[in-house]
Amino acid sequence: MSSEAAFTGSIPELYDTVLVPMMFQDFANDLAAEVASSGPGTVLETAAGTGIVTRALHRILPSATITATDLNPAMLSRAEVVLPASESIRWQQADALDLPFPEASFDALVSQFGIMFFPDRPRGYAEARRVLKPGGRLSAAVWGPLERNEVSLAVQEALEELFPGRAPMLIRRIPFAYSDHTIIRGELEAAGFSDVTIRDVVCRSAPTSARDIALAHCQGTPLAHELAEEYGDPAQITEDVTRVLAERFGDQPFSGLLTAIFFTGIA
């Protein structure tokens, strides 16, 4: 597993307790509502992370059976602490590019903020279509451009100030780099999905301190691995980023623009 997609060590807990409520919760609620609108009985979630969408979907569609998968066992372990497995909730380690399920197994498939990390998105979409029943729906979300996601942009700009000319580029290179509607539509249709819809969804991040913004990004995402491997102690870099953000935003919690891209396709 590439360090760019490895959510290991202390990352899952920080991701779930700091990053999720700051940036993910509203989108998870919206995406879960979209999935629930068609009343699926069986749902597969890929790149489920620590289960934010799983929890939201289970609240509004308790009758559905949800199989929530992720490539990273540590993320699923955190997810199961918060929402234990049951007759309707199953946590399973699985690669979204090689799903261990028969063809036409699920009514719906959902994925939030994970597809950007897939090393082969067309293969991931082909697998999604394979395991969906005919007429089943894929519902997914990815981040919009970095310039329209102000919290993460502020962290990236702080890193570029701290490391001029050699700043870590993971934030620019992966999480916010899959935002072209034409490319998304083309890849979905090439995988056999029809009735593709794509829309931007905008909200604001929860007001958060400079310290927690820095902590969430520098120690609660795979950026922590890049920092440790090439730049020094992530804890010290977190403090340095906190200082830069505090100089920019002051003592008040910061709330910034967030933009995601929601898309659906019918198998």
# chains A, B, ... in the order shown; residues from 1 in each chain; ligands from 1
$ select_by_dssp --residues "range 36-262 of chain A" --states "strand (DSSP E)" --output "JSON, numbers by chain"
{"A": [42, 43, 44, 45, 65, 66, 67, 68, 69, 70, 89, 90, 91, 92, 93, 106, 107, 108, 109, 110, 111, 112, 132, 133, 134, 135, 136, 137, 138, 139, 140, 141, 142, 143, 194, 195, 196, 197, 198, 199, 200, 201, 202, 203, 204, 257, 258, 259, 260, 261, 262]}
$ residues_around --residues "Leu146 in chain A" --least-positions-apart "4" --cutoff "12 Å" --atoms "only C-alpha atoms" --output "list in words"
Val142, Glu150, Val151, Ser152, Leu153, Ala154, Val155, Gln156, Glu157, Met169, Leu170, Ile171, Arg172, Arg173, Ile174, Pro175, Phe176, Ala177, Tyr178, Ser179, Gly256, Leu257, Leu258, Thr259 and Ala260 of chain A
$ residues_around --residues "range 214-216 of chain A" --least-positions-apart "4" --cutoff "6 Å" --atoms "only C-alpha atoms" --output "list in words"
Val18, Leu19, Gly220, Thr238, Val241 and Thr242 of chain A
$ residues_around --residues "Trp91 in chain A" --least-positions-apart "3" --cutoff "9 Å" --atoms "only C-alpha atoms" --output "list of chain:residue names"
A:Ile66, A:Thr67, A:Ala68, A:Thr69, A:Asp70, A:Leu76, A:Ser77, A:Ala79, A:Glu80, A:Pro84, A:Ala85
$ write_last_selection --atoms "N, CA and C atoms" --output "PDB file, in the first residue's frame"
ATOM      1  N   ILE A  66     -25.977  -2.962   5.255  1.00  0.00           N
ATOM      2  CA  ILE A  66     -24.846  -2.197   4.745  1.00  0.00           C
ATOM      3  C   ILE A  66     -23.562  -2.995   4.938  1.00  0.00           C
ATOM      4  N   THR A  67     -22.849  -3.237   3.860  1.00  0.00           N
ATOM      5  CA  THR A  67     -21.515  -3.831   3.919  1.00  0.00           C
ATOM      6  C   THR A  67     -20.528  -2.705   3.658  1.00  0.00           C
ATOM      7  N   ALA A  68     -19.801  -2.307   4.698  1.00  0.00           N
ATOM      8  CA  ALA A  68     -18.876  -1.170   4.608  1.00  0.00           C
ATOM      9  C   ALA A  68     -17.455  -1.701   4.523  1.00  0.00           C
ATOM     10  N   THR A  69     -16.747  -1.330   3.454  1.00  0.00           N
ATOM     11  CA  THR A  69     -15.404  -1.854   3.212  1.00  0.00           C
ATOM     12  C   THR A  69     -14.387  -0.723   3.117  1.00  0.00           C
ATOM     13  N   ASP A  70     -13.154  -1.066   3.391  1.00  0.00           N
ATOM     14  CA  ASP A  70     -12.043  -0.133   3.217  1.00  0.00           C
ATOM     15  C   ASP A  70     -10.780  -0.948   3.018  1.00  0.00           C
ATOM     16  N   LEU A  76     -11.195   0.641   9.598  1.00  0.00           N
ATOM     17  CA  LEU A  76     -12.378  -0.146   9.916  1.00  0.00           C
ATOM     18  C   LEU A  76     -12.447  -0.475  11.403  1.00  0.00           C
ATOM     19  N   SER A  77     -11.300  -0.699  12.021  1.00  0.00           N
ATOM     20  CA  SER A  77     -11.284  -0.969  13.458  1.00  0.00           C
ATOM     21  C   SER A  77     -11.848   0.215  14.229  1.00  0.00           C
ATOM     22  N   ALA A  79     -13.913   2.432  12.949  1.00  0.00           N
ATOM     23  CA  ALA A  79     -15.328   2.515  12.590  1.00  0.00           C
ATOM     24  C   ALA A  79     -16.177   1.591  13.451  1.00  0.00           C
ATOM     25  N   GLU A  80     -15.661   0.386  13.694  1.00  0.00           N
ATOM     26  CA  GLU A  80     -16.440  -0.592  14.444  1.00  0.00           C
ATOM     27  C   GLU A  80     -16.523  -0.242  15.925  1.00  0.00           C
ATOM     28  N   PRO A  84     -20.738  -0.719  16.207  1.00  0.00           N
ATOM     29  CA  PRO A  84     -20.405  -2.147  16.172  1.00  0.00           C
ATOM     30  C   PRO A  84     -21.153  -2.886  15.076  1.00  0.00           C
ATOM     31  N   ALA A  85     -20.527  -3.948  14.598  1.00  0.00           N
ATOM     32  CA  ALA A  85     -21.166  -4.801  13.600  1.00  0.00           C
ATOM     33  C   ALA A  85     -22.451  -5.390  14.170  1.00  0.00           C
TER      34      ALA A  85
END
$ closest_residue --among "A:Ile60, A:Ala267, A:Ile237, A:Ile11" --to "Glu161 in chain A" --atoms "only C-alpha atoms"
A:Ile237
$ atom_distance --atom1 "CA of Gly41 in chain A" --atom2 "CA of Pro122 in chain A"
26.2 Å
